[in-house]
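A.B. asks: Below is upload_36.tsv; it holds TSV, C-alpha atoms.
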```
chain	number	residue	atom	x	y	z
A	232	MET	CA	-13.33	36.21	41.76
A	233	LYS	CA	-16.93	35.19	42.42
A	234	PHE	CA	-19.89	37.60	42.45
A	235	ASN	CA	-23.52	37.06	43.42
A	236	VAL	CA	-26.23	38.93	41.51
A	237	ILE	CA	-29.35	39.35	43.66
A	238	LEU	CA	-32.71	39.76	41.93
A	239	ASP	CA	-36.17	40.29	43.37
A	240	ASN	CA	-37.05	36.60	42.88
A	241	SER	CA	-33.72	34.73	43.14
A	242	GLU	CA	-29.97	35.11	42.84
A	243	PHE	CA	-27.17	33.58	40.83
A	244	SER	CA	-23.37	33.53	40.78
A	245	ILE	CA	-20.80	34.56	38.21
A	246	GLU	CA	-17.02	34.16	38.13
A	247	SER	CA	-14.49	36.42	36.44
A	248	CYS	CA	-12.29	35.12	33.63
A	249	ASP	CA	-8.69	34.26	34.33
A	250	HIS	CA	-7.15	36.83	32.01
A	251	SER	CA	-5.87	40.37	32.47
A	252	LEU	CA	-9.05	42.21	31.51
A	253	GLY	CA	-11.16	39.79	33.55
A	254	HIS	CA	-8.97	40.48	36.58
A	255	LYS	CA	-9.09	44.27	36.08
A	256	TRP	CA	-12.86	44.27	35.64
A	257	ALA	CA	-13.35	42.09	38.74
A	258	MET	CA	-11.18	44.37	40.88
A	259	LEU	CA	-13.05	47.45	39.66
A	260	LEU	CA	-16.39	45.79	40.36
A	261	LYS	CA	-15.22	44.86	43.87
A	262	GLU	CA	-14.07	48.44	44.50
A	263	THR	CA	-17.37	49.81	43.18
A	264	ILE	CA	-19.36	47.51	45.49
A	265	ASP	CA	-17.21	48.57	48.46
A	266	LYS	CA	-17.58	52.25	47.62
A	267	ASP	CA	-21.33	52.37	47.04
A	268	GLY	CA	-22.83	49.23	45.55
A	269	THR	CA	-25.98	50.90	44.20
A	270	VAL	CA	-27.38	49.38	41.02
A	271	TYR	CA	-28.69	52.21	38.83
A	272	PHE	CA	-31.58	51.59	36.42
A	273	ASN	CA	-32.15	48.38	38.30
A	274	ASP	CA	-34.92	47.24	35.96
A	275	ARG	CA	-32.59	46.51	33.04
A	276	ILE	CA	-33.82	42.94	32.78
A	277	TYR	CA	-34.68	42.34	29.14
A	278	ASN	CA	-37.04	39.67	27.81
A	279	LEU	CA	-37.03	37.72	31.07
A	280	ASN	CA	-40.50	38.60	32.35
A	281	TYR	CA	-43.99	39.18	30.99
A	282	TYR	CA	-44.31	42.68	32.44
A	283	TRP	CA	-42.57	44.47	29.60
A	284	THR	CA	-44.73	44.09	26.51
A	285	LYS	CA	-44.30	46.05	23.29
A	286	GLU	CA	-47.42	48.02	24.13
A	287	ARG	CA	-46.07	48.98	27.57
A	288	VAL	CA	-42.71	50.05	26.14
A	289	VAL	CA	-44.37	52.25	23.50
A	290	TYR	CA	-46.64	53.83	26.14
A	291	GLU	CA	-43.68	54.53	28.45
A	292	LEU	CA	-41.61	55.97	25.58
A	293	ASN	CA	-44.40	58.39	24.73
A	294	GLN	CA	-44.59	59.36	28.42
A	295	CYS	CA	-40.85	60.08	28.39
A	296	ILE	CA	-41.21	62.22	25.27
A	297	HIS	CA	-44.01	64.23	26.91
A	298	ILE	CA	-41.96	64.85	30.08
A	299	ILE	CA	-38.85	65.93	28.15
A	300	ASN	CA	-40.76	68.18	25.75
A	301	ALA	CA	-42.73	69.75	28.60
A	302	TRP	CA	-39.43	70.97	30.04
A	303	GLU	CA	-37.92	71.97	26.67
A	304	HIS	CA	-39.18	70.78	23.31
A	305	PHE	CA	-36.59	68.52	21.71
A	306	ILE	CA	-38.19	65.39	20.24
A	307	ASP	CA	-40.32	65.86	17.13
A	308	HIS	CA	-41.75	62.34	17.15
A	309	GLU	CA	-44.58	60.65	18.96
A	310	ILE	CA	-45.05	56.92	18.52
A	311	ASP	CA	-48.28	55.59	17.03
A	312	GLU	CA	-49.31	52.95	19.55
A	313	ASP	CA	-51.15	50.98	16.85
A	314	LYS	CA	-48.12	50.81	14.52
A	315	GLY	CA	-45.36	50.33	17.08
A	316	LEU	CA	-41.71	50.77	16.15
A	317	ASP	CA	-39.47	49.63	13.33
A	318	GLN	CA	-35.68	49.79	13.31
A	319	GLU	CA	-35.56	53.04	11.34
A	320	LEU	CA	-37.72	54.85	13.89
A	321	LEU	CA	-35.71	53.30	16.73
A	322	ASN	CA	-32.56	54.72	15.10
A	323	ILE	CA	-34.17	58.17	14.87
A	324	LEU	CA	-35.29	58.04	18.51
A	325	HIS	CA	-31.82	56.93	19.61
A	326	LYS	CA	-30.24	59.87	17.76
A	327	TYR	CA	-32.40	62.20	19.86
A	328	PHE	CA	-31.00	60.54	22.96
A	329	GLU	CA	-27.40	61.01	21.81
A	330	ASP	CA	-28.07	64.66	21.04
A	331	MET	CA	-29.81	65.25	24.39
A	332	ARG	CA	-27.30	63.35	26.51
A	333	GLY	CA	-23.86	63.92	25.01
A	334	ALA	CA	-20.84	61.86	26.04
A	335	GLN	CA	-20.94	59.84	29.26
A	336	GLU	CA	-17.94	61.66	30.70
A	337	ASP	CA	-18.89	65.07	29.25
A	338	PRO	CA	-22.69	65.55	29.08
A	339	ASN	CA	-23.95	68.39	26.90
A	340	GLU	CA	-25.67	71.55	28.15
A	341	PHE	CA	-29.19	70.23	27.52
A	342	TYR	CA	-28.62	67.33	29.89
A	343	LYS	CA	-26.60	69.29	32.45
A	344	ASN	CA	-29.27	72.00	32.69
A	345	ALA	CA	-32.18	69.55	32.96
A	346	PRO	CA	-33.93	69.04	36.33
A	347	ARG	CA	-33.25	65.73	38.05
A	348	LYS	CA	-36.57	64.23	36.91
A	349	VAL	CA	-35.84	65.11	33.28
A	350	LYS	CA	-32.30	63.71	33.50
A	351	HIS	CA	-33.73	60.44	34.80
A	352	THR	CA	-36.37	60.46	32.05
A	353	ILE	CA	-33.73	60.98	29.33
A	354	ASP	CA	-31.75	58.00	30.59
A	355	GLN	CA	-34.90	55.87	30.96
A	356	TYR	CA	-35.90	56.83	27.40
A	357	ASN	CA	-32.67	55.21	26.18
A	358	VAL	CA	-33.28	52.04	28.21
A	359	LEU	CA	-36.77	51.75	26.71
A	360	ILE	CA	-35.41	51.99	23.16
A	361	HIS	CA	-33.04	49.10	23.83
A	362	ARG	CA	-35.80	47.20	25.59
A	363	TYR	CA	-37.89	47.33	22.43
A	364	GLU	CA	-34.92	46.28	20.28
A	365	ASP	CA	-34.47	43.20	22.48
A	366	PHE	CA	-37.89	41.68	21.84
A	367	GLY	CA	-37.47	38.24	20.28
A	368	ASN	CA	-34.07	37.61	21.88
A	369	PRO	CA	-33.39	35.04	24.65
A	370	GLY	CA	-32.93	37.77	27.25
A	371	ARG	CA	-30.12	39.56	29.05
A	372	ILE	CA	-29.46	41.47	32.24
A	373	VAL	CA	-27.46	44.71	32.31
A	374	VAL	CA	-25.95	45.66	35.67
A	375	ASN	CA	-25.02	49.34	35.86
A	376	MET	CA	-23.21	50.49	39.00
A	377	ASN	CA	-21.99	53.86	37.73
A	378	SER	CA	-18.30	53.24	38.38
A	379	GLU	CA	-15.40	55.27	37.08
A	380	LEU	CA	-14.33	54.81	33.45
A	381	ILE	CA	-10.82	53.49	32.86
A	382	ASP	CA	-8.84	53.53	29.61
A	383	LEU	CA	-8.44	50.18	27.90
A	384	ASP	CA	-4.92	48.94	27.21
A	385	PRO	CA	-4.07	47.83	23.64
A	386	SER	CA	-3.77	44.23	24.85
A	387	ASP	CA	-7.34	44.32	26.20
A	388	TYR	CA	-8.81	44.31	22.70
A	389	GLN	CA	-7.84	40.68	22.17
A	390	HIS	CA	-10.84	39.77	24.36
A	391	TRP	CA	-13.46	41.36	22.08
A	392	THR	CA	-15.48	38.82	20.16
A	393	LEU	CA	-18.66	38.27	18.13
A	394	ASP	CA	-18.67	34.64	19.23
A	395	TRP	CA	-19.81	34.86	22.85
A	396	LYS	CA	-21.90	32.01	24.25
A	397	PRO	CA	-24.97	31.77	26.52
A	398	GLY	CA	-23.74	32.18	30.08
A	399	ASP	CA	-20.90	34.54	29.18
A	400	ILE	CA	-20.52	37.77	31.15
A	401	ARG	CA	-19.80	40.64	28.80
A	402	LEU	CA	-18.23	43.99	29.55
A	403	ASN	CA	-20.90	46.63	29.03
A	404	TYR	CA	-20.51	49.39	26.45
A	405	CYS	CA	-19.98	52.47	28.62
A	406	HIS	CA	-20.14	55.33	26.10
A	407	LYS	CA	-23.07	57.24	24.64
A	408	GLY	CA	-23.34	56.55	20.93
A	409	LYS	CA	-23.01	53.39	18.87
A	410	THR	CA	-20.25	50.96	18.08
A	411	LEU	CA	-19.28	50.24	14.50
A	412	TRP	CA	-21.02	46.89	14.80
A	413	ASP	CA	-24.27	48.47	16.00
A	414	VAL	CA	-24.22	51.03	13.18
A	415	PHE	CA	-23.99	48.11	10.75
A	416	LYS	CA	-26.50	45.90	12.60
A	417	ASP	CA	-29.13	48.64	12.86
A	418	ASP	CA	-28.48	49.96	9.35
A	419	ASP	CA	-28.34	53.32	11.10
A	420	LEU	CA	-28.31	56.27	8.70
A	421	TYR	CA	-29.12	58.78	11.46
A	422	VAL	CA	-26.42	58.12	14.07
A	423	GLY	CA	-24.16	61.02	13.10
A	424	GLU	CA	-20.42	60.57	12.57
A	425	GLU	CA	-19.61	62.09	15.96
A	426	ASN	CA	-21.66	59.37	17.66
A	427	ILE	CA	-19.82	56.40	16.16
A	428	ARG	CA	-17.68	55.41	19.14
A	429	PRO	CA	-15.82	52.10	19.45
A	430	GLN	CA	-15.27	51.21	23.09
A	431	ARG	CA	-12.18	52.94	24.49
A	432	LYS	CA	-12.83	52.61	28.23
A	433	TYR	CA	-14.26	50.06	30.61
A	434	SER	CA	-16.28	50.27	33.80
A	435	SER	CA	-17.58	47.76	36.32
A	436	ASP	CA	-20.86	47.46	34.37
A	437	PHE	CA	-21.60	44.08	32.83
A	438	ILE	CA	-24.13	42.08	30.82
A	439	VAL	CA	-25.36	38.59	31.65
A	440	SER	CA	-25.96	36.89	28.29
A	441	PHE	CA	-28.39	34.15	27.37
A	442	ASN	CA	-27.77	34.30	23.63
A	443	ASN	CA	-25.08	33.37	21.13
A	444	GLY	CA	-23.00	36.11	19.59
A	445	PRO	CA	-23.64	37.15	15.95
A	446	ILE	CA	-20.49	35.58	14.49
A	447	SER	CA	-22.50	34.28	11.51
A	448	TYR	CA	-22.99	37.90	10.37
A	449	LYS	CA	-19.26	38.67	10.21
A	450	GLU	CA	-19.07	38.05	6.45
A	451	LYS	CA	-21.98	40.43	5.85
A	452	PHE	CA	-20.27	43.00	8.10
A	453	ASP	CA	-17.08	42.71	6.04
A	454	ARG	CA	-19.04	43.43	2.87
A	455	TRP	CA	-20.64	46.44	4.58
A	456	TRP	CA	-17.20	47.68	5.59
A	457	ASP	CA	-15.81	47.31	2.07
A	458	HIS	CA	-18.78	49.22	0.68
A	459	ASN	CA	-18.21	52.06	3.19
A	460	ALA	CA	-14.40	51.81	3.38
A	461	GLU	CA	-13.66	55.34	2.14
A	462	ARG	CA	-16.03	57.00	4.60
A	463	LEU	CA	-14.85	54.82	7.49
A	464	SER	CA	-11.22	55.59	6.68
A	465	GLU	CA	-11.99	59.32	6.70
A	466	LEU	CA	-13.38	58.84	10.20
A	467	GLY	CA	-10.14	57.19	11.29
A	468	PHE	CA	-11.24	53.55	11.24
A	469	GLU	CA	-9.30	50.82	9.47
A	470	LYS	CA	-10.58	47.34	8.77
A	471	ASP	CA	-9.40	44.56	11.12
A	472	ASP	CA	-8.00	47.03	13.66
A	473	PRO	CA	-8.55	45.37	17.08
A	474	ARG	CA	-9.46	48.79	18.48
A	475	ASN	CA	-12.65	48.69	16.44
A	476	ALA	CA	-13.85	46.54	19.37
A	477	LEU	CA	-16.38	44.51	17.40
A	478	GLY	CA	-18.87	42.75	19.62
A	479	TYR	CA	-18.11	42.56	23.34
A	480	ALA	CA	-15.31	41.53	25.66
A	481	VAL	CA	-16.06	38.39	27.66
A	482	VAL	CA	-14.89	38.92	31.26
A	483	GLY	CA	-16.76	36.22	33.18
A	484	ARG	CA	-19.08	33.24	33.14
A	485	LEU	CA	-22.21	32.01	34.92
A	486	GLN	CA	-21.32	29.33	37.47
A	487	TYR	CA	-24.26	27.13	36.51
A	488	PRO	CA	-25.75	26.19	33.12
A	489	PRO	CA	-27.41	29.23	31.50
A	490	ASP	CA	-30.64	27.40	30.64
A	491	VAL	CA	-31.04	26.46	34.31
A	492	ILE	CA	-30.34	30.02	35.48
A	493	ARG	CA	-32.68	31.53	32.89
A	494	GLU	CA	-35.55	29.32	34.04
A	495	GLN	CA	-34.75	30.08	37.68
A	496	ILE	CA	-34.76	33.86	37.29
A	497	PHE	CA	-37.59	34.23	34.77
A	498	GLY	CA	-40.13	36.70	36.07
A	499	ALA	CA	-37.57	38.94	37.78
A	500	ARG	CA	-38.07	42.69	37.33
A	501	LYS	CA	-35.49	44.26	39.65
A	502	ILE	CA	-31.75	43.87	40.29
A	503	LEU	CA	-31.37	44.38	44.04
A	504	GLY	CA	-27.59	44.27	44.31
A	505	VAL	CA	-24.28	42.54	43.70
A	506	THR	CA	-22.03	41.02	46.36
A	507	TYR	CA	-18.65	39.30	46.09
A	508	GLU	CA	-16.60	36.50	47.57
A	509	ASP	CA	-12.79	36.75	47.55
```
Kindly present the structure from the file in structure tokens form.

C.D. replies:
Amino acid sequence: MKFNVILDNSEFSIESCDHSLGHKWAMLLKETIDKDGTVYFNDRIYNLNYYWTKERVVYELNQCIHIINAWEHFIDHEIDEDKGLDQELLNILHKYFEDMRGAQEDPNEFYKNAPRKVKHTIDQYNVLIHRYEDFGNPGRIVVNMNSELIDLDPSDYQHWTLDWKPGDIRLNYCHKGKTLWDVFKDDDLYVGEENIRPQRKYSSDFIVSFNNGPISYKEKFDRWWDHNAERLSELGFEKDDPRNALGYAVVGRLQYPPDVIREQIFGARKILGVTYED
């Protein structure tokens, strides 16, 4: 199935993969478009414009912290705008988000009791953290349409990979927390065992990739796993289990060369919508 992603400066087309998960994702995306079609957090365009600088992200993060703490004090950090952020502080800030937000399908009381503006600020706070983490990468677009979450079948895990290519369309991670791969990648000592969540469900949300997957780091990941094997086993994870869902599932592909599309869309700041062609 073919979909058109409409930005504020151009549009481009993607096509779903011809495999079972690709078909299921495409049908869910079509149903989501028919039902509502709203793109939430429609500025999730990373490293593809000059608007979002490190300085702007830090300023906006501090604004989010002020808004949240003005409602109920929760975050004990403020970012020094002269020093910026390192990965350790990003991990700490992300842990605050997990503790404020709770699970996607079962938000905690802090989030449920928050006024609408604070709820939006909590979610935007998370987007800003990932925006900062993306600096230096070739760019990506995350399309979030807030569809239902559906359980993955065991056979779906064969489509997870660390070897995606520029132009691949990846199934978005739809839980709150971190995957095993992200815990390793971020060297995250703050995540909390309850927030280590391999992907167990899928939604219509997707990522448009302009980078290669981190397959070259697989050997380093294996060494990390062996070093932490006892703890990971206690948490119920076993090495080489497909349900660890390392990386992302590839469910589609850009219809034109990714370098051409990236040049065409550079400067975009908003995702206006997604349409489809049967």

A.B. asks: How many Å lie between CA of Gln318 in chain A and CA of Gln355 in chain A, rounded to one decimal?

C.D. replies: 18.7 Å

A.B. asks: Mind giving me the straight-line distance from CA of Glu508 in chain A to CA of Trp256 in chain A in Å, one decimal?

C.D. replies: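 Computing it gives 14.7 Å between the two atoms.
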
A.B. asks: Phe437 in chain A: which residues within 10 Å, counting only C-alpha atoms, same-chain residues fewer than 6 positions away excluded, as a PyMOL selection string?

C.D. replies: chain A and resi 256+260+372-376+400-405+480-483

A.B. asks: Please produce a file of those selected residues containing C-alpha atoms, as a CSV table (one decimal), in the coordinates of the input.

C.D. replies:
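Listed below is the output, again13.csv:
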```
chain,number,residue,atom,x,y,z
A,256,TRP,CA,-12.9,44.3,35.6
A,260,LEU,CA,-16.4,45.8,40.4
A,372,ILE,CA,-29.5,41.5,32.2
A,373,VAL,CA,-27.5,44.7,32.3
A,374,VAL,CA,-26.0,45.7,35.7
A,375,ASN,CA,-25.0,49.3,35.9
A,376,MET,CA,-23.2,50.5,39.0
A,400,ILE,CA,-20.5,37.8,31.2
A,401,ARG,CA,-19.8,40.6,28.8
A,402,LEU,CA,-18.2,44.0,29.6
A,403,ASN,CA,-20.9,46.6,29.0
A,404,TYR,CA,-20.5,49.4,26.4
A,405,CYS,CA,-20.0,52.5,28.6
A,480,ALA,CA,-15.3,41.5,25.7
A,481,VAL,CA,-16.1,38.4,27.7
A,482,VAL,CA,-14.9,38.9,31.3
A,483,GLY,CA,-16.8,36.2,33.2
```

A.B. asks: Suppose you want the space between CA of Cys295 in chain A and CA of Lys343 in chain A; what is it in Å?

C.D. replies: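 Going from CA of Cys295 in chain A over to CA of Lys343 in chain A, I get 17.4 Å.
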
A.B. asks: Within 12 Å of range 234-253 of chain A, which residues of range 350-435 of chain A come that close, and what is the closest atom pair and distance in Å for each? Count all atoms listed in the file and give it as a tab-separated table.

C.D. replies:
```
residue	atom	partner	partner_atom	distance
A:Ile372	CA	A:Val236	CA	10.1
A:Val373	CA	A:Val236	CA	10.9
A:Val374	CA	A:Val236	CA	8.9
A:Asn375	CA	A:Val236	CA	11.9
A:Ile381	CA	A:Leu252	CA	11.5
A:Asp382	CA	A:Leu252	CA	11.5
A:Leu383	CA	A:Leu252	CA	8.8
A:Asp384	CA	A:Leu252	CA	9.0
A:Pro385	CA	A:Leu252	CA	10.9
A:Ser386	CA	A:Leu252	CA	8.7
A:Asp387	CA	A:Leu252	CA	6.0
A:Tyr388	CA	A:Leu252	CA	9.1
A:Gln389	CA	A:Leu252	CA	9.5
A:His390	CA	A:Leu252	CA	7.8
A:Trp391	CA	A:Leu252	CA	10.4
A:Gly398	CA	A:Ile245	CA	9.0
A:Asp399	CA	A:Ile245	CA	9.0
A:Ile400	CA	A:Ile245	CA	7.8
A:Arg401	CA	A:Gly253	CA	9.9
A:Leu402	CA	A:Gly253	CA	9.1
A:Lys432	CA	A:Leu252	CA	11.5
A:Tyr433	CA	A:Leu252	CA	9.5
A:Ser434	CA	A:Leu252	CA	11.1
A:Ser435	CA	A:Gly253	CA	10.6
```

A.B. asks: Write out as a VMD selection string the residues lying within 12 Å of Asn300 in chain A, counting all atoms listed in the file and excluding same-chain residues fewer than 5 positions away.

C.D. replies: chain A and resid 293 to 295 305 to 309 327 331 341 345 349 352 to 353

A.B. asks: Using all atoms listed in the file, which residue out of A:Leu503, A:Gly367, A:Asn377, A:Leu411 lies closest to Asp472 in chain A?

C.D. replies: A:Leu411

A.B. asks: Padding 5 Å on every side, please: axis-aligned box over the listed atoms of range 445-464 of chain A, centre and edge lengths to one decimal in Å, as JSON.

C.D. replies:
```
{"center_x": -17.4, "center_y": 45.6, "center_z": 8.3, "size_x": 22.4, "size_y": 32.7, "size_z": 25.3}
```

A.B. asks: Find the residues near Ile360 in chain A: any atom within 12 Å, counting all atoms listed in the file, skip ones fewer than 5 places away on the same chain, and give them as a PyMOL selection string.

C.D. replies: chain A and resi 275+277+285+287-293+295-296+310+315-328+353-355+365-366

A.B. asks: Select, from A:Ile446, A:Ile496, A:Met232, A:Ile438, the residue with the minimum atom-to-atom distance to Ala257 in chain A, counting all atoms listed in the file.

C.D. replies: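 Under the stated criterion, the closest residue is A:Met232.
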
A.B. asks: Calculated over only C-alpha atoms, which of the candidates A:Glu340, A:Asp490, A:Asp394, A:Glu329 has the smallest distance to Arg428 in chain A?

C.D. replies: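 Selected residue with least distance to Arg428 in chain A: A:Glu329.
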
A.B. asks: Here is a test: counting all atoms listed in the file, which residue of A:Val414, A:Glu262, A:Tyr479, A:Arg362 is nearest to Asn280 in chain A?

C.D. replies: A:Arg362

A.B. asks: N, CA and C atoms are needed for range 463-483 of chain A; please write them out as a compact mmCIF listing (two decimals), keeping the file's coordinate frame.

C.D. replies:
```
# COMPACT_ATOMS: atom_id res chain seq x y z
N LEU A 463 -15.36 55.29 6.20
CA LEU A 463 -14.85 54.82 7.49
C LEU A 463 -13.39 55.22 7.67
N SER A 464 -12.63 55.17 6.60
CA SER A 464 -11.22 55.59 6.68
C SER A 464 -11.11 57.08 7.00
N GLU A 465 -11.99 57.89 6.41
CA GLU A 465 -11.99 59.32 6.70
C GLU A 465 -12.29 59.60 8.17
N LEU A 466 -13.06 58.69 8.78
CA LEU A 466 -13.38 58.84 10.20
C LEU A 466 -12.29 58.28 11.11
N GLY A 467 -11.26 57.69 10.50
CA GLY A 467 -10.14 57.19 11.29
C GLY A 467 -10.19 55.71 11.61
N PHE A 468 -11.10 54.97 10.97
CA PHE A 468 -11.24 53.55 11.24
C PHE A 468 -10.64 52.73 10.11
N GLU A 469 -9.89 51.72 10.46
CA GLU A 469 -9.30 50.82 9.47
C GLU A 469 -9.77 49.41 9.72
N LYS A 470 -10.06 48.70 8.67
CA LYS A 470 -10.58 47.34 8.77
C LYS A 470 -9.61 46.44 9.52
N ASP A 471 -10.15 45.56 10.36
CA ASP A 471 -9.40 44.56 11.12
C ASP A 471 -8.53 45.15 12.22
N ASP A 472 -8.69 46.43 12.52
CA ASP A 472 -8.00 47.03 13.66
C ASP A 472 -8.67 46.51 14.94
N PRO A 473 -7.93 45.87 15.84
CA PRO A 473 -8.55 45.37 17.08
C PRO A 473 -9.28 46.44 17.87
N ARG A 474 -8.83 47.69 17.74
CA ARG A 474 -9.46 48.79 18.48
C ARG A 474 -10.84 49.16 17.95
N ASN A 475 -11.26 48.52 16.88
CA ASN A 475 -12.65 48.69 16.44
C ASN A 475 -13.61 48.05 17.44
N ALA A 476 -13.09 47.14 18.27
CA ALA A 476 -13.85 46.54 19.37
C ALA A 476 -15.20 46.00 18.89
N LEU A 477 -15.14 45.09 17.95
CA LEU A 477 -16.38 44.51 17.40
C LEU A 477 -16.96 43.49 18.37
N GLY A 478 -18.22 43.66 18.69
CA GLY A 478 -18.87 42.75 19.62
C GLY A 478 -18.67 43.21 21.05
N TYR A 479 -18.30 42.27 21.92
CA TYR A 479 -18.11 42.56 23.34
C TYR A 479 -16.92 41.77 23.87
N ALA A 480 -16.35 42.27 24.95
CA ALA A 480 -15.31 41.53 25.66
C ALA A 480 -15.98 40.61 26.67
N VAL A 481 -15.56 39.35 26.68
CA VAL A 481 -16.06 38.39 27.66
C VAL A 481 -15.13 38.43 28.87
N VAL A 482 -15.70 38.75 30.05
CA VAL A 482 -14.89 38.92 31.26
C VAL A 482 -15.31 37.96 32.37
N GLY A 483 -16.32 37.14 32.14
CA GLY A 483 -16.76 36.22 33.18
C GLY A 483 -17.70 35.17 32.63
```
